[in-house]
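As structure tokens, the structure follows; a few thoughts come after it.
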Amino acid sequence: MPSVATKSYKSRAASHPVAVARDLLACMDRKSTNLCVSVDVPTKKSLLRIVDAAGPYICCVKGKKTHIDIVSDFDDDLVAQLQALSKKHDFLIWEDRKFADIGNTVKLQYSSGVYKIASWAHITNAHPIPGSGIVTGLASVGLPLGRGLLLMAEMSSAGNLATGAYTAATVAMARENPDFVMGFVAMKRVDERDETSGGVAEGEGRDFVIMTPGVGLDTKGDGMGQQYRTPDEVIRESGCDVQIVGRGIYGGGDGVEDAKIVENAIRYREAGWNAYLERVKA
């Protein structure tokens with residue numbers, strides 16, 4: 001059967017088993033964008049300014065991307081304003097928490113504490129290394145709220161260990177939790193590659209949304225291990241669904257001026273969307 005990557009976002013939105021994945025895919029189709037902005041800044045003011053400027057051109061904001069624990073002046077008002085921007089500009093919120101502990105611990109981390117992530121983030125993510133209990137713990141909180149989980153199947157940094165059998169085990173874990181695991185952070189369609197699909201033929205398994213970091217139009221690395229590919233390499237060649245871009249949009253630090261953020265966001269949105277159109281046309 002044809003790869004899931006040959007299907008339109010609109011058709012996938014109509015049938016995906018996870019509600020928040022349906023919302024994301026529908027947003028992507030509605031706004032003609034597969035761009036997620038990753039905002040790693042230390043202050044509430046900078047985070048909200050960057051998100052407001054980029055908001056019309058994105059399907060998702062990724063927190064660290066908010067990484068909310070980077071923000072030195074976090075408070076409930078930040079959450080309220082971020083939620084208001086989500087409604088104003090029509091995008092989803094992903095808190096890039098990368099949970100990595102036993103089920104009971106992540107359940108409490110997700111639901112409680114200072115950040116109460118499950119109460120406001122549509123999407124979160126987790127490392128599979130603790131075993132399937134991490135999904136069970138997070139699902140006990142997130143499922144009743146209509147949230148979705150991404151598993152960290154691969155990473156974009158040089159020398160990372162999320163490869164081979166580790167990635168294959170991650171895909172298998174996702175297949176065991178179809179009501180909550182919406183997809184993967186990965187560099188390619190790990191659910192359809194022979195070495196990681198667990199014997200499930202291309203186009204035969206359930207739909208997973210692939211969110212991909214390490215996207216850049218102007219550079220191939222940052223000197224600290226990050227490796228970049230173009231939107232075309234990520235979306236068209238690798239069959240991934242969402243391109244995650246950070247410094248390529250806001251420039252690092254507290255961010256460049258709003259007009260430059262808008263210019264960069266439009267540039268990446270157009271590159272990613274054109275790559276998607278070429279992919280589904282092929």
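Ordered as shown in the structure tokens, chains take letters A, B, and onward, while each chain numbers its residues from 1 and ligands are numbered from 1 in the order shown.
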Which residues are close to range 157-167 of chain A, i.e. within 10 Å by only C-alpha atoms, leaving aside same-chain residues fewer than 2 positions away? Reply as a short mmCIF file (atom, residue, chain, number, x, y, z; two decimals) with N, CA and C atoms, in the first residue's frame.
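Wrote it out as out.cif, contents follow:
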data_model
loop_
_atom_site.label_atom_id
_atom_site.label_comp_id
_atom_site.auth_asym_id
_atom_site.auth_seq_id
_atom_site.Cartn_x
_atom_site.Cartn_y
_atom_site.Cartn_z
N HIS A 127 10.76 10.35 26.50
CA HIS A 127 11.74 9.33 26.12
C HIS A 127 11.17 7.96 26.50
N PRO A 128 11.32 6.96 25.66
CA PRO A 128 10.77 5.64 25.97
C PRO A 128 11.64 4.80 26.90
N ILE A 129 12.79 5.29 27.28
CA ILE A 129 13.77 4.47 28.01
C ILE A 129 13.23 3.86 29.30
N LEU A 151 6.57 10.25 21.15
CA LEU A 151 7.72 9.53 21.70
C LEU A 151 8.98 9.94 20.95
N MET A 152 10.07 10.07 21.70
CA MET A 152 11.35 10.48 21.13
C MET A 152 12.01 9.27 20.48
N ALA A 153 11.78 9.11 19.18
CA ALA A 153 12.32 7.96 18.45
C ALA A 153 13.72 8.22 17.91
N GLU A 154 13.99 9.47 17.54
CA GLU A 154 15.29 9.86 17.02
C GLU A 154 15.56 11.30 17.44
N MET A 155 16.84 11.71 17.31
CA MET A 155 17.22 13.09 17.62
C MET A 155 18.09 13.63 16.50
N ALA A 169 12.22 -0.23 19.11
CA ALA A 169 11.45 -0.48 20.35
C ALA A 169 10.49 0.67 20.64
N THR A 170 10.90 1.88 20.28
CA THR A 170 10.03 3.04 20.46
C THR A 170 8.79 2.94 19.58
N VAL A 171 8.99 2.53 18.33
CA VAL A 171 7.86 2.36 17.40
C VAL A 171 6.92 1.28 17.93
N ALA A 172 7.48 0.19 18.42
CA ALA A 172 6.65 -0.89 18.97
C ALA A 172 5.84 -0.40 20.16
N MET A 173 6.44 0.41 21.02
CA MET A 173 5.73 0.96 22.18
C MET A 173 4.57 1.83 21.73
N ALA A 186 11.21 12.47 15.25
CA ALA A 186 12.09 11.59 14.47
C ALA A 186 12.59 12.33 13.25
N VAL A 190 10.03 6.58 10.70
CA VAL A 190 10.53 5.41 11.40
C VAL A 190 9.48 4.30 11.45
N ASP A 191 8.21 4.65 11.31
CA ASP A 191 7.14 3.65 11.36
C ASP A 191 7.04 2.84 10.07
N GLU A 195 14.01 -1.33 9.01
CA GLU A 195 14.82 -1.61 10.19
C GLU A 195 14.15 -1.18 11.50
N THR A 196 13.09 -0.38 11.42
CA THR A 196 12.46 0.11 12.65
C THR A 196 10.94 -0.10 12.71
N SER A 197 10.34 -0.60 11.66
CA SER A 197 8.87 -0.68 11.60
C SER A 197 8.30 -1.89 12.33
N GLY A 198 9.15 -2.82 12.73
CA GLY A 198 8.67 -4.02 13.41
C GLY A 198 7.94 -4.98 12.48
N PRO A 213 12.93 17.98 14.24
CA PRO A 213 13.80 19.12 14.54
C PRO A 213 15.00 19.15 13.59
N GLY A 214 15.85 20.15 13.82
CA GLY A 214 17.07 20.25 13.02
C GLY A 214 16.80 20.70 11.61
N GLY A 221 24.85 23.43 10.76
CA GLY A 221 25.16 23.07 12.14
C GLY A 221 25.33 24.29 12.99
N MET A 224 27.57 23.03 18.24
CA MET A 224 27.34 22.31 19.50
C MET A 224 26.63 20.99 19.26
N GLY A 225 26.81 20.43 18.06
CA GLY A 225 26.28 19.11 17.77
C GLY A 225 24.98 19.08 17.00
N GLN A 226 24.28 20.21 16.93
CA GLN A 226 23.03 20.23 16.17
C GLN A 226 23.32 20.17 14.68
N GLN A 227 22.55 19.35 13.97
CA GLN A 227 22.70 19.18 12.53
C GLN A 227 21.41 19.61 11.84
N TYR A 228 21.54 20.36 10.75
CA TYR A 228 20.37 20.91 10.09
C TYR A 228 20.17 20.33 8.69
#
Within 10 Å of Gly63 in chain A using only C-alpha atoms, minus same-chain residues under 5 positions, as an NGL selection string: :A and (37-41 or 47 or 68-70 or 93-97 or 121 or 123-124)
Based on the selection just made, write N, CA, C and O atoms of those residues as a PDB file, in the first residue's frame.
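Once written, selection23.pdb looks like this:
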ATOM      1  N   VAL A  37       7.200  26.469  15.433  1.00  0.00           N
ATOM      2  CA  VAL A  37       8.272  27.338  15.905  1.00  0.00           C
ATOM      3  C   VAL A  37       8.700  26.896  17.296  1.00  0.00           C
ATOM      4  O   VAL A  37       7.874  26.631  18.173  1.00  0.00           O
ATOM      5  N   SER A  38      10.015  26.788  17.469  1.00  0.00           N
ATOM      6  CA  SER A  38      10.611  26.350  18.726  1.00  0.00           C
ATOM      7  C   SER A  38      11.244  27.558  19.408  1.00  0.00           C
ATOM      8  O   SER A  38      12.212  28.121  18.900  1.00  0.00           O
ATOM      9  N   VAL A  39      10.672  27.961  20.545  1.00  0.00           N
ATOM     10  CA  VAL A  39      11.074  29.224  21.162  1.00  0.00           C
ATOM     11  C   VAL A  39      11.794  28.956  22.481  1.00  0.00           C
ATOM     12  O   VAL A  39      11.165  28.700  23.506  1.00  0.00           O
ATOM     13  N   ASP A  40      13.113  29.036  22.466  1.00  0.00           N
ATOM     14  CA  ASP A  40      13.938  28.824  23.659  1.00  0.00           C
ATOM     15  C   ASP A  40      14.467  30.170  24.138  1.00  0.00           C
ATOM     16  O   ASP A  40      15.575  30.569  23.773  1.00  0.00           O
ATOM     17  N   VAL A  41      13.677  30.873  24.900  1.00  0.00           N
ATOM     18  CA  VAL A  41      14.078  32.193  25.398  1.00  0.00           C
ATOM     19  C   VAL A  41      13.846  32.239  26.902  1.00  0.00           C
ATOM     20  O   VAL A  41      12.997  31.519  27.428  1.00  0.00           O
ATOM     21  N   LEU A  47       9.163  35.434  24.914  1.00  0.00           N
ATOM     22  CA  LEU A  47       8.431  34.276  24.418  1.00  0.00           C
ATOM     23  C   LEU A  47       7.120  34.700  23.773  1.00  0.00           C
ATOM     24  O   LEU A  47       6.800  34.315  22.644  1.00  0.00           O
ATOM     25  N   ILE A  68       9.131  25.272  29.008  1.00  0.00           N
ATOM     26  CA  ILE A  68       8.614  26.253  29.956  1.00  0.00           C
ATOM     27  C   ILE A  68       9.536  26.432  31.147  1.00  0.00           C
ATOM     28  O   ILE A  68       9.566  27.495  31.766  1.00  0.00           O
ATOM     29  N   ASP A  69      10.346  25.414  31.463  1.00  0.00           N
ATOM     30  CA  ASP A  69      11.226  25.561  32.623  1.00  0.00           C
ATOM     31  C   ASP A  69      12.460  26.402  32.329  1.00  0.00           C
ATOM     32  O   ASP A  69      13.278  26.653  33.221  1.00  0.00           O
ATOM     33  N   ILE A  70      12.634  26.867  31.091  1.00  0.00           N
ATOM     34  CA  ILE A  70      13.694  27.816  30.768  1.00  0.00           C
ATOM     35  C   ILE A  70      13.302  29.233  31.192  1.00  0.00           C
ATOM     36  O   ILE A  70      14.141  30.063  31.521  1.00  0.00           O
ATOM     37  N   ILE A  93      -0.285  24.025  21.198  1.00  0.00           N
ATOM     38  CA  ILE A  93       0.833  24.231  22.114  1.00  0.00           C
ATOM     39  C   ILE A  93       1.446  22.879  22.464  1.00  0.00           C
ATOM     40  O   ILE A  93       0.752  21.968  22.908  1.00  0.00           O
ATOM     41  N   TRP A  94       2.751  22.779  22.254  1.00  0.00           N
ATOM     42  CA  TRP A  94       3.503  21.568  22.587  1.00  0.00           C
ATOM     43  C   TRP A  94       4.551  21.931  23.633  1.00  0.00           C
ATOM     44  O   TRP A  94       5.438  22.730  23.376  1.00  0.00           O
ATOM     45  N   GLU A  95       4.415  21.355  24.819  1.00  0.00           N
ATOM     46  CA  GLU A  95       5.452  21.550  25.838  1.00  0.00           C
ATOM     47  C   GLU A  95       6.490  20.441  25.711  1.00  0.00           C
ATOM     48  O   GLU A  95       6.207  19.263  25.958  1.00  0.00           O
ATOM     49  N   ASP A  96       7.690  20.838  25.360  1.00  0.00           N
ATOM     50  CA  ASP A  96       8.784  19.904  25.060  1.00  0.00           C
ATOM     51  C   ASP A  96       9.449  19.438  26.365  1.00  0.00           C
ATOM     52  O   ASP A  96      10.618  19.708  26.623  1.00  0.00           O
ATOM     53  N   ARG A  97       8.691  18.731  27.161  1.00  0.00           N
ATOM     54  CA  ARG A  97       9.151  18.339  28.506  1.00  0.00           C
ATOM     55  C   ARG A  97      10.116  17.158  28.481  1.00  0.00           C
ATOM     56  O   ARG A  97      10.932  16.994  29.384  1.00  0.00           O
ATOM     57  N   ALA A 121      -1.044  22.370  27.804  1.00  0.00           N
ATOM     58  CA  ALA A 121      -0.311  21.941  26.608  1.00  0.00           C
ATOM     59  C   ALA A 121      -1.085  20.841  25.882  1.00  0.00           C
ATOM     60  O   ALA A 121      -1.379  19.802  26.464  1.00  0.00           O
ATOM     61  N   ILE A 123       0.034  19.002  23.500  1.00  0.00           N
ATOM     62  CA  ILE A 123       0.960  17.918  23.163  1.00  0.00           C
ATOM     63  C   ILE A 123       2.130  17.966  24.139  1.00  0.00           C
ATOM     64  O   ILE A 123       2.578  19.037  24.540  1.00  0.00           O
ATOM     65  N   THR A 124       2.635  16.783  24.519  1.00  0.00           N
ATOM     66  CA  THR A 124       3.914  16.714  25.204  1.00  0.00           C
ATOM     67  C   THR A 124       4.685  15.524  24.633  1.00  0.00           C
ATOM     68  O   THR A 124       4.205  14.838  23.729  1.00  0.00           O
TER      69      THR A 124
END
Apply DSSP to the structure's backbone, then extract all residues of range 131-277 of chain A labelled strand (DSSP E or B) and return them as a ChimeraX atom specification. /A:148-152,157,181-185,209-212,215,221,226-227,229,242-245
Just N, CA, C and O atoms for this one: save the residues we selected as a tab-separated table (two decimals), in the first residue's frame.
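Output file out27.tsv is given in full below:
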chain	number	residue	atom	x	y	z
A	148	GLY	N	-2.24	14.62	23.62
A	148	GLY	CA	-1.52	13.64	22.82
A	148	GLY	C	-0.05	13.59	23.20
A	148	GLY	O	0.51	14.57	23.70
A	149	LEU	N	0.58	12.44	22.94
A	149	LEU	CA	1.98	12.21	23.30
A	149	LEU	C	2.80	11.87	22.07
A	149	LEU	O	2.39	11.07	21.22
A	150	LEU	N	3.99	12.48	22.00
A	150	LEU	CA	5.01	12.11	21.02
A	150	LEU	C	6.12	11.35	21.74
A	150	LEU	O	6.55	11.76	22.81
A	151	LEU	N	6.57	10.25	21.15
A	151	LEU	CA	7.72	9.53	21.70
A	151	LEU	C	8.98	9.94	20.95
A	151	LEU	O	8.96	10.13	19.73
A	152	MET	N	10.07	10.07	21.70
A	152	MET	CA	11.35	10.48	21.13
A	152	MET	C	12.01	9.27	20.48
A	152	MET	O	12.72	8.50	21.12
A	157	SER	N	20.81	15.67	16.95
A	157	SER	CA	22.17	16.02	17.38
A	157	SER	C	23.16	14.92	16.99
A	157	SER	O	22.84	13.73	16.99
A	181	VAL	N	-0.56	7.84	22.02
A	181	VAL	CA	0.65	8.18	21.29
A	181	VAL	C	0.26	8.59	19.86
A	181	VAL	O	-0.18	7.77	19.07
A	182	MET	N	0.44	9.87	19.56
A	182	MET	CA	0.03	10.41	18.27
A	182	MET	C	1.12	10.34	17.22
A	182	MET	O	0.86	10.48	16.02
A	183	GLY	N	2.37	10.14	17.66
A	183	GLY	CA	3.46	10.11	16.70
A	183	GLY	C	4.82	10.16	17.37
A	183	GLY	O	4.96	9.78	18.54
A	184	PHE	N	5.79	10.66	16.62
A	184	PHE	CA	7.19	10.62	17.06
A	184	PHE	C	7.90	11.93	16.78
A	184	PHE	O	7.57	12.65	15.84
A	185	VAL	N	8.89	12.21	17.60
A	185	VAL	CA	9.96	13.12	17.21
A	185	VAL	C	10.99	12.24	16.52
A	185	VAL	O	11.54	11.32	17.14
A	209	VAL	N	2.09	10.88	13.33
A	209	VAL	CA	2.58	12.19	12.93
A	209	VAL	C	4.06	12.29	13.29
A	209	VAL	O	4.45	12.02	14.43
A	210	ILE	N	4.89	12.64	12.31
A	210	ILE	CA	6.33	12.74	12.52
A	210	ILE	C	6.72	14.22	12.62
A	210	ILE	O	6.55	14.98	11.66
A	211	MET	N	7.23	14.62	13.78
A	211	MET	CA	7.66	16.00	14.04
A	211	MET	C	9.19	16.01	14.05
A	211	MET	O	9.82	15.24	14.79
A	212	THR	N	9.77	16.91	13.26
A	212	THR	CA	11.21	16.80	12.99
A	212	THR	C	11.98	18.07	13.30
A	212	THR	O	11.74	19.12	12.69
A	215	VAL	N	15.99	21.76	11.45
A	215	VAL	CA	15.65	22.28	10.13
A	215	VAL	C	16.25	23.67	9.98
A	215	VAL	O	16.09	24.53	10.84
A	221	GLY	N	24.85	23.43	10.76
A	221	GLY	CA	25.16	23.07	12.14
A	221	GLY	C	25.33	24.29	12.99
A	221	GLY	O	25.39	25.42	12.48
A	226	GLN	N	24.28	20.21	16.93
A	226	GLN	CA	23.03	20.23	16.17
A	226	GLN	C	23.32	20.17	14.68
A	226	GLN	O	24.25	20.81	14.18
A	227	GLN	N	22.55	19.35	13.97
A	227	GLN	CA	22.70	19.18	12.53
A	227	GLN	C	21.41	19.61	11.84
A	227	GLN	O	20.32	19.26	12.29
A	229	ARG	N	18.90	20.13	8.34
A	229	ARG	CA	18.50	19.79	6.98
A	229	ARG	C	17.47	20.81	6.51
A	229	ARG	O	16.83	21.48	7.32
A	242	VAL	N	5.96	17.58	10.16
A	242	VAL	CA	6.07	18.92	10.72
A	242	VAL	C	7.55	19.27	10.85
A	242	VAL	O	8.33	18.50	11.41
A	243	GLN	N	7.93	20.43	10.33
A	243	GLN	CA	9.29	20.94	10.48
A	243	GLN	C	9.35	21.83	11.71
A	243	GLN	O	8.51	22.71	11.90
A	244	ILE	N	10.35	21.60	12.55
A	244	ILE	CA	10.52	22.38	13.78
A	244	ILE	C	11.70	23.33	13.57
A	244	ILE	O	12.83	22.89	13.32
A	245	VAL	N	11.43	24.62	13.68
A	245	VAL	CA	12.46	25.64	13.43
A	245	VAL	C	12.49	26.60	14.61
A	245	VAL	O	11.44	27.08	15.05
Can you tell me which residues surround Val262 in chain A at a distance of at most 12 Å, considering only C-alpha atoms, apart from same-chain residues fewer than 6 positions away, and format the answer as a ChimeraX atom specification? /A:37,49-58,248-251,255-256,268-269
Report as a PyMOL selection string all protein, DNA and RNA residues lying within 8 Å of Arg279 in chain A, evaluated on only C-alpha atoms, omitting residues in the same chain fewer than 3 positions from it. chain A and resi 5-6+235-237+239+275-276+282
Residues as selected, all heavy atoms, written as an mmCIF file, in the first residue's frame, can you do that?
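After the write, again-v7.cif holds the following:
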data_model
loop_
_atom_site.group_PDB
_atom_site.id
_atom_site.type_symbol
_atom_site.label_atom_id
_atom_site.label_comp_id
_atom_site.auth_asym_id
_atom_site.auth_seq_id
_atom_site.Cartn_x
_atom_site.Cartn_y
_atom_site.Cartn_z
ATOM 1 N N ALA A 5 2.699 8.992 3.939
ATOM 2 C CA ALA A 5 3.224 10.285 3.518
ATOM 3 C C ALA A 5 2.634 10.751 2.191
ATOM 4 O O ALA A 5 2.748 11.931 1.849
ATOM 5 C CB ALA A 5 4.745 10.230 3.414
ATOM 6 N N THR A 6 2.018 9.851 1.433
ATOM 7 C CA THR A 6 1.399 10.246 0.163
ATOM 8 C C THR A 6 -0.007 10.800 0.365
ATOM 9 O O THR A 6 -0.599 11.335 -0.573
ATOM 10 C CB THR A 6 1.326 9.049 -0.806
ATOM 11 O OG1 THR A 6 0.458 8.042 -0.250
ATOM 12 C CG2 THR A 6 2.715 8.457 -1.042
ATOM 13 N N ILE A 235 10.580 17.240 4.733
ATOM 14 C CA ILE A 235 9.172 17.003 4.392
ATOM 15 C C ILE A 235 9.020 16.135 3.146
ATOM 16 O O ILE A 235 8.282 15.134 3.155
ATOM 17 C CB ILE A 235 8.428 18.337 4.196
ATOM 18 C CG1 ILE A 235 8.507 19.197 5.469
ATOM 19 C CG2 ILE A 235 6.977 18.084 3.781
ATOM 20 C CD1 ILE A 235 7.822 18.623 6.681
ATOM 21 N N ARG A 236 9.686 16.487 2.071
ATOM 22 C CA ARG A 236 9.507 15.729 0.824
ATOM 23 C C ARG A 236 10.347 14.461 0.794
ATOM 24 O O ARG A 236 9.827 13.365 0.586
ATOM 25 C CB ARG A 236 9.845 16.597 -0.394
ATOM 26 C CG ARG A 236 9.588 15.889 -1.743
ATOM 27 C CD ARG A 236 9.994 16.761 -2.908
ATOM 28 N NE ARG A 236 11.413 17.074 -2.911
ATOM 29 C CZ ARG A 236 12.369 16.267 -3.388
ATOM 30 N NH1 ARG A 236 12.056 15.084 -3.904
ATOM 31 N NH2 ARG A 236 13.647 16.637 -3.354
ATOM 32 N N GLU A 237 11.658 14.588 1.042
ATOM 33 C CA GLU A 237 12.543 13.433 0.898
ATOM 34 C C GLU A 237 12.347 12.412 2.019
ATOM 35 O O GLU A 237 12.338 11.209 1.766
ATOM 36 C CB GLU A 237 13.999 13.884 0.851
ATOM 37 C CG GLU A 237 14.371 14.678 -0.398
ATOM 38 C CD GLU A 237 15.846 15.018 -0.441
ATOM 39 O OE1 GLU A 237 16.629 14.445 0.359
ATOM 40 O OE2 GLU A 237 16.239 15.870 -1.257
ATOM 41 N N GLY A 239 9.706 12.300 4.239
ATOM 42 C CA GLY A 239 8.307 11.972 4.516
ATOM 43 C C GLY A 239 7.814 12.391 5.881
ATOM 44 O O GLY A 239 6.786 11.893 6.357
ATOM 45 N N ALA A 275 7.243 21.775 -0.255
ATOM 46 C CA ALA A 275 7.790 20.425 -0.179
ATOM 47 C C ALA A 275 6.683 19.406 0.036
ATOM 48 O O ALA A 275 6.682 18.324 -0.557
ATOM 49 C CB ALA A 275 8.813 20.345 0.958
ATOM 50 N N TYR A 276 5.710 19.743 0.889
ATOM 51 C CA TYR A 276 4.555 18.857 1.119
ATOM 52 C C TYR A 276 3.727 18.684 -0.155
ATOM 53 O O TYR A 276 3.334 17.553 -0.507
ATOM 54 C CB TYR A 276 3.706 19.443 2.241
ATOM 55 C CG TYR A 276 2.279 18.969 2.268
ATOM 56 C CD1 TYR A 276 1.955 17.657 2.636
ATOM 57 C CD2 TYR A 276 1.239 19.824 1.916
ATOM 58 C CE1 TYR A 276 0.625 17.222 2.650
ATOM 59 C CE2 TYR A 276 -0.078 19.407 1.937
ATOM 60 C CZ TYR A 276 -0.385 18.102 2.290
ATOM 61 O OH TYR A 276 -1.682 17.688 2.303
ATOM 62 N N ALA A 282 3.557 13.486 -5.960
ATOM 63 C CA ALA A 282 4.444 12.489 -6.580
ATOM 64 C C ALA A 282 3.727 11.142 -6.754
ATOM 65 O O ALA A 282 2.875 10.756 -5.979
ATOM 66 C CB ALA A 282 5.679 12.304 -5.724
#
Determine, using only C-alpha atoms, which residues of range 134-190 of chain A have any atom at most 12 Å from an atom of range 107-113 of chain A, and tabulate each with its shortest atom pair and distance in Å to one decimal place, rows ordered by chain and then rising number, as a tab-separated table.
residue	atom	partner	partner_atom	distance
A:Ile134	CA	A:Lys107	CA	8.2
A:Val135	CA	A:Lys107	CA	9.3
A:Thr136	CA	A:Lys107	CA	8.6
A:Gly137	CA	A:Lys107	CA	4.8
A:Leu138	CA	A:Lys107	CA	5.2
A:Ala139	CA	A:Lys107	CA	8.2
A:Ser140	CA	A:Lys107	CA	7.2
A:Val141	CA	A:Lys107	CA	6.5
A:Gly142	CA	A:Tyr110	CA	8.3
A:Leu143	CA	A:Lys107	CA	11.7
A:Pro144	CA	A:Ser111	CA	11.7
A:Leu145	CA	A:Ser111	CA	10.7
A:Arg147	CA	A:Tyr110	CA	11.3
A:Leu149	CA	A:Tyr110	CA	11.5
